[in-house]
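Printed here is structure_15.cif (mmCIF, C-alpha atoms (C1' of nucleotides)):
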data_data
loop_
_atom_site.label_atom_id
_atom_site.label_comp_id
_atom_site.auth_asym_id
_atom_site.auth_seq_id
_atom_site.Cartn_x
_atom_site.Cartn_y
_atom_site.Cartn_z
CA MET A 1 112.72 32.22 48.61
CA LYS A 2 114.69 30.72 45.78
CA ARG A 3 114.37 29.08 42.42
CA THR A 4 112.48 25.98 43.42
CA LEU A 5 109.47 27.61 44.95
CA GLU A 6 108.47 29.04 41.61
CA ASN A 7 107.74 25.54 40.41
CA ILE A 8 105.85 24.23 43.38
CA LYS A 9 102.14 24.00 42.85
CA TYR A 10 99.95 24.21 45.89
CA LYS A 11 96.21 23.97 46.01
CA LYS A 12 94.42 27.24 45.34
CA ASN A 13 93.03 27.43 48.85
CA THR A 14 96.45 26.91 50.32
CA GLU A 15 97.99 29.73 48.35
CA GLU A 16 95.13 32.09 49.06
CA LEU A 17 95.22 31.40 52.75
CA ALA A 18 98.99 31.92 52.83
CA LEU A 19 98.61 35.27 51.09
CA PHE A 20 95.99 36.50 53.52
CA ALA A 21 98.10 35.26 56.41
CA LYS A 22 101.06 37.15 55.03
CA ALA A 23 99.03 40.33 54.94
CA LEU A 24 98.21 39.80 58.62
CA ALA A 25 101.74 38.85 59.56
CA HIS A 26 102.73 42.22 60.94
CA PRO A 27 101.38 43.88 64.08
CA THR A 28 101.14 47.25 62.37
CA ARG A 29 98.81 45.85 59.74
CA ILE A 30 96.71 44.13 62.37
CA ALA A 31 96.48 47.44 64.19
CA ILE A 32 95.43 49.21 61.01
CA LEU A 33 92.71 46.66 60.35
CA ARG A 34 91.47 46.79 63.93
CA HIS A 35 91.23 50.54 63.58
CA LEU A 36 89.28 50.16 60.36
CA GLU A 37 86.97 47.65 61.99
CA ASN A 38 86.09 50.15 64.69
CA GLN A 39 85.79 53.22 62.52
CA THR A 40 84.36 51.43 59.52
CA CYS A 41 86.66 53.69 57.51
CA CYS A 42 89.51 56.11 58.03
CA TYR A 43 92.07 58.29 56.32
CA THR A 44 95.77 57.70 56.03
CA GLY A 45 96.40 60.73 58.19
CA ASP A 46 94.36 59.30 61.05
CA LEU A 47 96.68 56.34 61.15
CA VAL A 48 99.77 58.52 61.06
CA ASP A 49 98.47 60.18 64.22
CA VAL A 50 97.79 56.90 65.95
CA LEU A 51 100.82 54.85 64.97
CA PRO A 52 104.40 55.81 65.81
CA LEU A 53 105.63 55.27 62.29
CA ALA A 54 106.61 57.48 59.39
CA GLN A 55 103.91 58.41 56.93
CA SER A 56 105.71 56.58 54.16
CA THR A 57 105.86 53.42 56.20
CA ILE A 58 102.16 53.48 56.91
CA SER A 59 101.40 54.14 53.30
CA GLN A 60 103.42 51.07 52.45
CA HIS A 61 101.48 48.88 54.85
CA LEU A 62 98.23 50.21 53.42
CA LYS A 63 99.45 49.28 49.99
CA GLU A 64 100.10 45.73 51.07
CA LEU A 65 96.68 45.42 52.64
CA LYS A 66 95.18 46.78 49.45
CA ASN A 67 97.16 44.35 47.34
CA ALA A 68 95.95 41.51 49.50
CA GLY A 69 92.41 42.75 48.87
CA LEU A 70 91.58 43.29 52.51
CA ILE A 71 91.00 47.02 52.17
CA GLN A 72 90.08 49.45 49.48
CA GLY A 73 90.73 53.15 49.01
CA GLU A 74 88.27 55.76 47.88
CA LEU A 75 89.30 59.24 46.77
CA LYS A 76 87.82 61.95 48.95
CA PRO A 77 90.01 64.85 47.88
CA PRO A 78 92.30 65.85 49.24
CA LYS A 79 92.28 62.71 51.34
CA ILE A 80 91.86 59.04 50.68
CA LYS A 81 89.32 57.08 52.63
CA TYR A 82 90.24 53.50 53.37
CA CYS A 83 87.62 50.89 54.19
CA ILE A 84 87.61 47.19 54.69
CA ASN A 85 86.76 45.26 51.55
CA GLN A 86 83.82 43.33 52.88
CA GLU A 87 83.74 40.73 50.14
CA ASN A 88 87.35 39.69 50.56
CA TRP A 89 87.11 40.07 54.30
CA GLU A 90 84.45 37.39 54.32
CA LYS A 91 86.50 35.29 51.98
CA ALA A 92 89.54 35.49 54.24
CA LYS A 93 87.42 34.83 57.29
CA ASN A 94 85.99 31.70 55.73
CA LEU A 95 89.40 30.45 54.68
CA PHE A 96 90.74 30.81 58.21
CA VAL A 97 87.66 29.37 59.88
CA ASN A 98 87.60 26.37 57.57
CA PHE A 99 91.28 25.87 58.09
CA PHE A 100 91.07 25.80 61.87
CA GLU A 101 87.79 23.96 62.05
CA LYS A 102 88.58 20.30 61.90
CA MET B 1 112.44 45.87 59.91
CA LYS B 2 114.60 48.47 61.51
CA ARG B 3 115.41 50.14 64.78
CA THR B 4 112.06 51.72 65.43
CA LEU B 5 109.95 48.62 65.51
CA GLU B 6 111.74 47.39 68.59
CA ASN B 7 110.24 50.25 70.51
CA ILE B 8 106.68 50.04 69.33
CA LYS B 9 104.31 48.54 71.81
CA TYR B 10 101.25 46.83 70.45
CA LYS B 11 98.50 45.19 72.41
CA LYS B 12 99.22 41.62 73.40
CA ASN B 13 96.47 40.23 71.21
CA THR B 14 97.77 42.11 68.24
CA GLU B 15 101.27 40.73 68.60
CA GLU B 16 100.06 37.21 69.18
CA LEU B 17 97.81 37.28 66.17
CA ALA B 18 100.60 38.63 64.00
CA LEU B 19 102.91 35.85 65.14
CA PHE B 20 100.40 33.15 64.33
CA ALA B 21 99.69 34.78 60.99
CA LYS B 22 103.39 34.83 60.28
CA ALA B 23 103.60 31.11 60.92
CA LEU B 24 100.81 30.59 58.39
CA ALA B 25 102.28 32.99 55.86
CA HIS B 26 103.87 30.36 53.67
CA PRO B 27 102.04 27.77 51.55
CA THR B 28 104.44 25.03 52.58
CA ARG B 29 103.56 25.52 56.22
CA ILE B 30 99.86 25.56 55.44
CA ALA B 31 100.33 22.31 53.55
CA ILE B 32 102.18 20.79 56.48
CA LEU B 33 99.43 21.77 58.88
CA ARG B 34 96.70 20.48 56.58
CA HIS B 35 98.55 17.21 56.43
CA LEU B 36 98.77 17.08 60.21
CA GLU B 37 95.10 17.88 60.50
CA ASN B 38 94.24 14.87 58.38
CA GLN B 39 96.70 12.43 59.88
CA THR B 40 96.48 13.79 63.41
CA CYS B 41 100.23 13.24 63.48
CA CYS B 42 103.08 12.46 61.14
CA TYR B 43 106.82 12.09 60.83
CA THR B 44 109.23 14.45 59.14
CA GLY B 45 109.97 11.77 56.57
CA ASP B 46 106.32 11.59 55.52
CA LEU B 47 106.44 15.23 54.60
CA VAL B 48 109.66 14.86 52.68
CA ASP B 49 107.86 12.28 50.53
CA VAL B 50 104.88 14.53 49.96
CA LEU B 51 106.50 17.92 49.44
CA PRO B 52 108.98 18.67 46.66
CA LEU B 53 111.47 20.30 48.99
CA ALA B 54 114.76 19.34 50.54
CA GLN B 55 114.68 17.60 53.89
CA SER B 56 116.53 20.48 55.49
CA THR B 57 114.00 22.97 54.20
CA ILE B 58 111.09 21.02 55.59
CA SER B 59 112.85 20.66 58.90
CA GLN B 60 113.22 24.42 58.97
CA HIS B 61 109.51 24.97 58.36
CA LEU B 62 108.69 22.49 61.09
CA LYS B 63 110.92 24.43 63.43
CA GLU B 64 109.04 27.63 62.72
CA LEU B 65 105.72 25.99 63.32
CA LYS B 66 107.05 24.59 66.56
CA ASN B 67 108.37 27.99 67.62
CA ALA B 68 104.99 29.49 66.90
CA GLY B 69 103.51 26.80 69.13
CA LEU B 70 101.22 25.35 66.50
CA ILE B 71 102.83 21.92 66.53
CA GLN B 72 104.85 19.82 68.89
CA GLY B 73 107.36 17.05 68.35
CA GLU B 74 107.54 13.79 70.24
CA LEU B 75 110.51 11.45 70.08
CA LYS B 76 109.58 8.07 68.72
CA PRO B 77 113.07 6.76 67.99
CA PRO B 78 114.40 6.75 65.48
CA LYS B 79 111.75 9.15 64.20
CA ILE B 80 110.06 12.23 65.50
CA LYS B 81 106.32 12.39 65.57
CA TYR B 82 104.81 15.80 64.99
CA CYS B 83 101.31 16.63 66.10
CA ILE B 84 99.22 19.73 66.25
CA ASN B 85 99.40 21.47 69.61
CA GLN B 86 95.70 21.48 70.38
CA GLU B 87 95.86 24.09 73.09
CA ASN B 88 97.60 26.70 70.96
CA TRP B 89 95.62 25.65 67.92
CA GLU B 90 92.47 26.66 69.76
CA LYS B 91 94.10 29.84 70.92
CA ALA B 92 95.08 30.78 67.37
CA LYS B 93 91.66 29.84 66.09
CA ASN B 94 90.00 32.08 68.64
CA LEU B 95 92.29 34.97 67.86
CA PHE B 96 91.49 34.76 64.17
CA VAL B 97 87.77 34.25 64.67
CA ASN B 98 87.52 37.16 67.07
CA PHE B 99 89.54 39.29 64.74
CA PHE B 100 87.35 38.66 61.72
CA GLU B 101 84.16 38.69 63.65
CA LYS B 102 84.36 42.41 63.63
"C1'" DA C 1 132.09 -1.19 67.18
"C1'" DA C 2 130.32 -0.20 62.84
"C1'" DA C 3 126.75 0.76 59.71
"C1'" DA C 4 122.29 2.44 58.76
"C1'" DC C 5 118.57 5.47 59.48
"C1'" DC C 6 116.21 9.73 60.59
"C1'" DT C 7 116.27 14.46 61.71
"C1'" DA C 8 118.39 18.92 63.10
"C1'" DT C 9 121.70 22.39 62.36
"C1'" DC C 10 125.30 25.02 59.86
"C1'" DG C 11 126.87 27.86 56.20
"C1'" DT C 12 125.79 30.10 52.12
"C1'" DA C 13 123.19 32.57 48.48
"C1'" DC C 14 119.56 35.22 47.08
"C1'" DA C 15 114.88 37.41 47.65
"C1'" DT C 16 111.74 39.85 50.32
"C1'" DT C 17 110.29 42.83 54.07
"C1'" DT C 18 110.54 46.79 56.89
"C1'" DG C 19 111.81 51.26 57.94
"C1'" DC C 20 113.20 56.04 56.95
"C1'" DG C 21 113.77 60.62 54.60
"C1'" DA C 22 113.25 62.91 50.37
"C1'" DT C 23 110.64 63.72 46.58
"C1'" DA C 24 106.77 63.45 43.35
"C1'" DA C 25 101.88 63.71 42.28
"C1'" DG C 26 97.25 65.13 42.85
"C1'" DG C 27 93.47 68.18 43.95
"C1'" DA C 28 91.92 72.41 46.90
"C1'" DA C 29 92.36 76.88 48.37
"C1'" DT C 30 94.14 81.32 48.03
"C1'" DA D 1 99.34 80.34 38.86
"C1'" DT D 2 101.09 79.59 43.20
"C1'" DT D 3 100.78 77.60 47.52
"C1'" DC D 4 99.02 74.17 50.67
"C1'" DC D 5 97.55 69.73 52.09
"C1'" DT D 6 97.51 64.83 51.73
"C1'" DT D 7 99.25 60.64 50.14
"C1'" DA D 8 102.16 57.66 47.10
"C1'" DT D 9 106.53 56.42 45.40
"C1'" DC D 10 111.66 56.23 45.16
"C1'" DG D 11 116.12 55.03 46.88
"C1'" DC D 12 118.58 53.32 50.36
"C1'" DA D 13 120.04 50.34 54.51
"C1'" DA D 14 119.36 46.70 57.57
"C1'" DA D 15 116.92 42.64 59.00
"C1'" DT D 16 114.39 38.40 57.89
"C1'" DG D 17 112.90 34.61 55.18
"C1'" DT D 18 113.58 30.74 52.02
"C1'" DA D 19 116.11 27.29 49.86
"C1'" DC D 20 119.90 24.12 49.26
"C1'" DG D 21 123.84 20.82 50.20
"C1'" DA D 22 126.81 19.26 53.61
"C1'" DT D 23 127.46 17.85 58.05
"C1'" DA D 24 126.49 16.62 62.83
"C1'" DG D 25 123.83 14.10 66.43
"C1'" DG D 26 121.26 10.47 68.22
"C1'" DT D 27 119.10 5.57 68.04
"C1'" DT D 28 118.63 1.17 66.32
"C1'" DT D 29 120.35 -2.67 64.00
"C1'" DT D 30 123.82 -5.56 62.45
#

Would you write out, as structure tokens, the structure that this file holds?
Amino acid sequence: MKRTLENIKYKKNTEELALFAKALAHPTRIAILRHLENQTCCYTGDLVDVLPLAQSTISQHLKELKNAGLIQGELKPPKIKYCINQENWEKAKNLFVNFFEK
Amino acid sequence: MKRTLENIKYKKNTEELALFAKALAHPTRIAILRHLENQTCCYTGDLVDVLPLAQSTISQHLKELKNAGLIQGELKPPKIKYCINQENWEKAKNLFVNFFEK
DNA sequence: AAAACCTATCGTACATTTGCGATAAGGAAT
DNA sequence: ATTCCTTATCGCAAATGTACGATAGGTTTT
């Protein structure tokens, strides 16, 4: 990305869809979300056991998913419980469905 | 990305979905696809007129979309006509729908 | 054959992403 | 208060992504 992109104005829907797509653009994050879909919720540690990646790497992916709004974390000391953010999940779903439909 | 990722094996669906998501992970490419959805097809030059980006940049985005299988190019000398690849479009649509549909 | 047109590719610059180990930060348990 | 457990963050290295101008390649037209 370079200077020009800063200035380009896309429609809101286009930017939102691109951001959600970016969050899904890595197999590890898809795997995390699939796991969350099955379990409803899970802890970071669960994922570290399941995925062959360093704890710090997984934490980073979780952060990106959280930034994208697709998941949310809840403090359950000493752990953190991650769940899918249903509201934004629906929003993303609708954006993708509308995009492909037509 | 570094050494480790090469070795990680994800499920086929997971990798495919991530690749499609990656193709959609930039607003310019979403805009190109929306344009193609409306016009059914279009030429590279049409996009250069519509998007505030260099011709080479747009060509590059088209290449990525083609690599992802979402579009296809047909020679209509001296132009090239790009259309959505319906088969893969459906495939991507199904992957996303199934993914979100819990 | 030359000129004109359209598009792809090359080379470069810079930003972002991905991964890791090491370390910090927080509460829980001893 | 110290130790333990869990997770986030930092700092680094390597790979990828994004953008541009310049150039090459291929067809059509003159």

Spatial neighbours of D:DC20, 8 Å, only C-alpha atoms (C1' of nucleotides), chain gap at least 4 places, as an MDAnalysis selection string: chainID B and resid 54 56:57

Tell me which residues the PyMOL selection byres ((chain C) within 10 of (chain A)) grabs here, as a ChimeraX atom specification. /C:13-16,18-21,26-28

Selected residues written out, C-alpha atoms (C1' of nucleotides), as a CSV table (one decimal), keeping the file's coordinate frame:
chain,number,residue,atom,x,y,z
C,13,DA,C1',123.2,32.6,48.5
C,14,DC,C1',119.6,35.2,47.1
C,15,DA,C1',114.9,37.4,47.6
C,16,DT,C1',111.7,39.8,50.3
C,18,DT,C1',110.5,46.8,56.9
C,19,DG,C1',111.8,51.3,57.9
C,20,DC,C1',113.2,56.0,57.0
C,21,DG,C1',113.8,60.6,54.6
C,26,DG,C1',97.2,65.1,42.8
C,27,DG,C1',93.5,68.2,44.0
C,28,DA,C1',91.9,72.4,46.9

Compile the residues of chain B that lie within 6 Å of chain A, evaluated using all atoms listed in the file, and express the compilation as a PyMOL selection string. chain B and resi 14-15+18+21-22+24-27+93+100

Got a sec to resolve the PyMOL selection byres ((chain C and resi 8) around 9) on this structure and send the residues as a CSV table (one decimal) with C-alpha atoms (C1' of nucleotides), in the coordinates of the input?
chain,number,residue,atom,x,y,z
B,56,SER,CA,116.5,20.5,55.5
B,59,SER,CA,112.8,20.7,58.9
B,60,GLN,CA,113.2,24.4,59.0
C,7,DT,C1',116.3,14.5,61.7
C,9,DT,C1',121.7,22.4,62.4
D,24,DA,C1',126.5,16.6,62.8
D,25,DG,C1',123.8,14.1,66.4

After superposing chain B onto chain A (least squares, all C-alpha atoms, pairing by order), export the transformed chain as a short mmCIF file (atom, residue, chain, number, x, y, z; two decimals) with C-alpha atoms, keeping the file's coordinate frame.
data_model
loop_
_atom_site.label_atom_id
_atom_site.label_comp_id
_atom_site.auth_asym_id
_atom_site.auth_seq_id
_atom_site.Cartn_x
_atom_site.Cartn_y
_atom_site.Cartn_z
CA MET B 1 112.80 32.07 48.74
CA LYS B 2 114.69 30.64 45.84
CA ARG B 3 114.29 29.09 42.44
CA THR B 4 112.40 26.01 43.45
CA LEU B 5 109.40 27.64 45.01
CA GLU B 6 108.37 29.10 41.69
CA ASN B 7 107.69 25.62 40.45
CA ILE B 8 105.77 24.25 43.38
CA LYS B 9 102.07 24.01 42.83
CA TYR B 10 99.87 24.20 45.88
CA LYS B 11 96.13 23.98 45.99
CA LYS B 12 94.36 27.25 45.34
CA ASN B 13 92.97 27.45 48.85
CA THR B 14 96.38 26.91 50.32
CA GLU B 15 97.93 29.75 48.35
CA GLU B 16 95.08 32.10 49.08
CA LEU B 17 95.19 31.41 52.77
CA ALA B 18 98.93 31.93 52.85
CA LEU B 19 98.56 35.27 51.10
CA PHE B 20 95.96 36.50 53.55
CA ALA B 21 98.06 35.26 56.44
CA LYS B 22 101.02 37.12 55.03
CA ALA B 23 99.02 40.33 54.97
CA LEU B 24 98.21 39.81 58.65
CA ALA B 25 101.75 38.84 59.58
CA HIS B 26 102.75 42.21 60.95
CA PRO B 27 101.38 43.87 64.09
CA THR B 28 101.15 47.24 62.38
CA ARG B 29 98.82 45.84 59.76
CA ILE B 30 96.71 44.13 62.39
CA ALA B 31 96.48 47.44 64.21
CA ILE B 32 95.44 49.20 61.03
CA LEU B 33 92.72 46.66 60.37
CA ARG B 34 91.46 46.79 63.94
CA HIS B 35 91.23 50.53 63.58
CA LEU B 36 89.28 50.17 60.36
CA GLU B 37 86.98 47.66 61.96
CA ASN B 38 86.08 50.15 64.65
CA GLN B 39 85.78 53.22 62.47
CA THR B 40 84.39 51.40 59.45
CA CYS B 41 86.67 53.69 57.46
CA CYS B 42 89.51 56.10 57.99
CA TYR B 43 92.08 58.28 56.29
CA THR B 44 95.79 57.68 56.03
CA GLY B 45 96.39 60.73 58.18
CA ASP B 46 94.36 59.28 61.04
CA LEU B 47 96.70 56.34 61.17
CA VAL B 48 99.77 58.52 61.08
CA ASP B 49 98.44 60.19 64.24
CA VAL B 50 97.78 56.89 65.96
CA LEU B 51 100.82 54.84 64.99
CA PRO B 52 104.39 55.82 65.84
CA LEU B 53 105.64 55.27 62.31
CA ALA B 54 106.61 57.46 59.41
CA GLN B 55 103.91 58.41 56.95
CA SER B 56 105.71 56.58 54.18
CA THR B 57 105.87 53.41 56.22
CA ILE B 58 102.17 53.46 56.94
CA SER B 59 101.42 54.12 53.31
CA GLN B 60 103.46 51.06 52.46
CA HIS B 61 101.50 48.87 54.87
CA LEU B 62 98.26 50.19 53.44
CA LYS B 63 99.48 49.25 50.00
CA GLU B 64 100.11 45.69 51.10
CA LEU B 65 96.71 45.40 52.64
CA LYS B 66 95.20 46.76 49.46
CA ASN B 67 97.18 44.31 47.34
CA ALA B 68 95.97 41.49 49.52
CA GLY B 69 92.44 42.74 48.89
CA LEU B 70 91.58 43.28 52.53
CA ILE B 71 91.02 47.01 52.18
CA GLN B 72 90.12 49.44 49.47
CA GLY B 73 90.80 53.13 49.00
CA GLU B 74 88.33 55.73 47.85
CA LEU B 75 89.33 59.21 46.75
CA LYS B 76 87.78 61.88 48.90
CA PRO B 77 89.95 64.81 47.84
CA PRO B 78 92.21 65.85 49.20
CA LYS B 79 92.24 62.69 51.31
CA ILE B 80 91.86 59.02 50.66
CA LYS B 81 89.32 57.06 52.59
CA TYR B 82 90.25 53.48 53.35
CA CYS B 83 87.64 50.89 54.18
CA ILE B 84 87.62 47.19 54.70
CA ASN B 85 86.77 45.26 51.54
CA GLN B 86 83.81 43.34 52.89
CA GLU B 87 83.73 40.76 50.15
CA ASN B 88 87.34 39.68 50.57
CA TRP B 89 87.10 40.09 54.32
CA GLU B 90 84.43 37.41 54.33
CA LYS B 91 86.47 35.29 52.00
CA ALA B 92 89.51 35.49 54.26
CA LYS B 93 87.39 34.84 57.31
CA ASN B 94 85.95 31.71 55.74
CA LEU B 95 89.35 30.46 54.70
CA PHE B 96 90.69 30.81 58.22
CA VAL B 97 87.61 29.37 59.89
CA ASN B 98 87.55 26.38 57.58
CA PHE B 99 91.23 25.88 58.09
CA PHE B 100 91.04 25.82 61.86
CA GLU B 101 87.82 23.95 61.98
CA LYS B 102 89.77 20.85 61.30
#

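Residues matched by the PyMOL selection byres ((chain D) within 9 of (chain B)) in this file are DA14, DA15, DT16, DT18, DA19, DC20, DG26, DT27 and DT28 of chain D.
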
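Atom CA of A:Cys41 lies 27.3 Å from atom CA of A:Asn98.
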
Distance in Å - atom CA of A:Gln72 versus atom C1' of D:DT7: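 Here the two named atoms are 14.5 Å from each other.
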
Quick one, how far is atom CA of B:Lys81 from atom C1' of D:DT30?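 Distance between the two atoms: 25.3 Å.
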
To box stretch 1-18 of chain D, take all atoms listed in the file, fit an axis-aligned box, add 4 Å on each side, and give centre and edge lengths in Å to one decimal, as lines of an AutoDock Vina configuration file.
center_x = 108.8
center_y = 55.5
center_z = 48.9
size_x = 30.5
size_y = 57.6
size_z = 28.1

Reconstruct N, CA and C atoms of stretch 32-51 of chain A; output as a PDB file, keeping the file's coordinate frame.
ATOM      1  N   ILE A  32      96.156  48.422  62.019  1.00  0.00           N
ATOM      2  CA  ILE A  32      95.430  49.210  61.010  1.00  0.00           C
ATOM      3  C   ILE A  32      94.049  48.606  60.774  1.00  0.00           C
ATOM      4  N   LEU A  33      93.998  47.309  60.630  1.00  0.00           N
ATOM      5  CA  LEU A  33      92.710  46.660  60.350  1.00  0.00           C
ATOM      6  C   LEU A  33      91.771  46.764  61.540  1.00  0.00           C
ATOM      7  N   ARG A  34      92.310  46.630  62.742  1.00  0.00           N
ATOM      8  CA  ARG A  34      91.470  46.790  63.930  1.00  0.00           C
ATOM      9  C   ARG A  34      90.879  48.198  63.951  1.00  0.00           C
ATOM     10  N   HIS A  35      91.693  49.159  63.612  1.00  0.00           N
ATOM     11  CA  HIS A  35      91.230  50.540  63.580  1.00  0.00           C
ATOM     12  C   HIS A  35      90.112  50.695  62.545  1.00  0.00           C
ATOM     13  N   LEU A  36      90.301  50.080  61.406  1.00  0.00           N
ATOM     14  CA  LEU A  36      89.280  50.160  60.360  1.00  0.00           C
ATOM     15  C   LEU A  36      87.997  49.447  60.780  1.00  0.00           C
ATOM     16  N   GLU A  37      88.156  48.372  61.525  1.00  0.00           N
ATOM     17  CA  GLU A  37      86.970  47.650  61.990  1.00  0.00           C
ATOM     18  C   GLU A  37      86.130  48.534  62.905  1.00  0.00           C
ATOM     19  N   ASN A  38      86.815  49.302  63.742  1.00  0.00           N
ATOM     20  CA  ASN A  38      86.090  50.150  64.690  1.00  0.00           C
ATOM     21  C   ASN A  38      85.448  51.344  64.001  1.00  0.00           C
ATOM     22  N   GLN A  39      86.240  51.974  63.130  1.00  0.00           N
ATOM     23  CA  GLN A  39      85.790  53.220  62.520  1.00  0.00           C
ATOM     24  C   GLN A  39      84.981  52.999  61.258  1.00  0.00           C
ATOM     25  N   THR A  40      84.921  51.766  60.812  1.00  0.00           N
ATOM     26  CA  THR A  40      84.360  51.430  59.520  1.00  0.00           C
ATOM     27  C   THR A  40      85.330  51.885  58.418  1.00  0.00           C
ATOM     28  N   CYS A  41      85.736  53.159  58.493  1.00  0.00           N
ATOM     29  CA  CYS A  41      86.660  53.690  57.510  1.00  0.00           C
ATOM     30  C   CYS A  41      87.583  54.693  58.186  1.00  0.00           C
ATOM     31  N   CYS A  42      88.652  55.053  57.505  1.00  0.00           N
ATOM     32  CA  CYS A  42      89.510  56.110  58.030  1.00  0.00           C
ATOM     33  C   CYS A  42      90.451  56.615  56.951  1.00  0.00           C
ATOM     34  N   TYR A  43      91.126  57.705  57.252  1.00  0.00           N
ATOM     35  CA  TYR A  43      92.070  58.290  56.320  1.00  0.00           C
ATOM     36  C   TYR A  43      93.501  57.926  56.707  1.00  0.00           C
ATOM     37  N   THR A  44      94.375  58.020  55.755  1.00  0.00           N
ATOM     38  CA  THR A  44      95.770  57.700  56.030  1.00  0.00           C
ATOM     39  C   THR A  44      96.283  58.544  57.193  1.00  0.00           C
ATOM     40  N   GLY A  45      95.929  59.812  57.171  1.00  0.00           N
ATOM     41  CA  GLY A  45      96.400  60.730  58.190  1.00  0.00           C
ATOM     42  C   GLY A  45      95.993  60.316  59.597  1.00  0.00           C
ATOM     43  N   ASP A  46      94.797  59.769  59.740  1.00  0.00           N
ATOM     44  CA  ASP A  46      94.360  59.300  61.050  1.00  0.00           C
ATOM     45  C   ASP A  46      95.344  58.282  61.599  1.00  0.00           C
ATOM     46  N   LEU A  47      95.780  57.397  60.724  1.00  0.00           N
ATOM     47  CA  LEU A  47      96.680  56.340  61.150  1.00  0.00           C
ATOM     48  C   LEU A  47      98.053  56.888  61.514  1.00  0.00           C
ATOM     49  N   VAL A  48      98.482  57.899  60.764  1.00  0.00           N
ATOM     50  CA  VAL A  48      99.770  58.520  61.060  1.00  0.00           C
ATOM     51  C   VAL A  48      99.755  59.119  62.465  1.00  0.00           C
ATOM     52  N   ASP A  49      98.582  59.616  62.878  1.00  0.00           N
ATOM     53  CA  ASP A  49      98.470  60.180  64.220  1.00  0.00           C
ATOM     54  C   ASP A  49      98.497  59.099  65.290  1.00  0.00           C
ATOM     55  N   VAL A  50      97.950  57.952  64.955  1.00  0.00           N
ATOM     56  CA  VAL A  50      97.790  56.900  65.950  1.00  0.00           C
ATOM     57  C   VAL A  50      99.036  56.027  66.072  1.00  0.00           C
ATOM     58  N   LEU A  51      99.691  55.772  64.964  1.00  0.00           N
ATOM     59  CA  LEU A  51     100.820  54.850  64.970  1.00  0.00           C
ATOM     60  C   LEU A  51     102.151  55.610  64.949  1.00  0.00           C
TER      61      LEU A  51
END
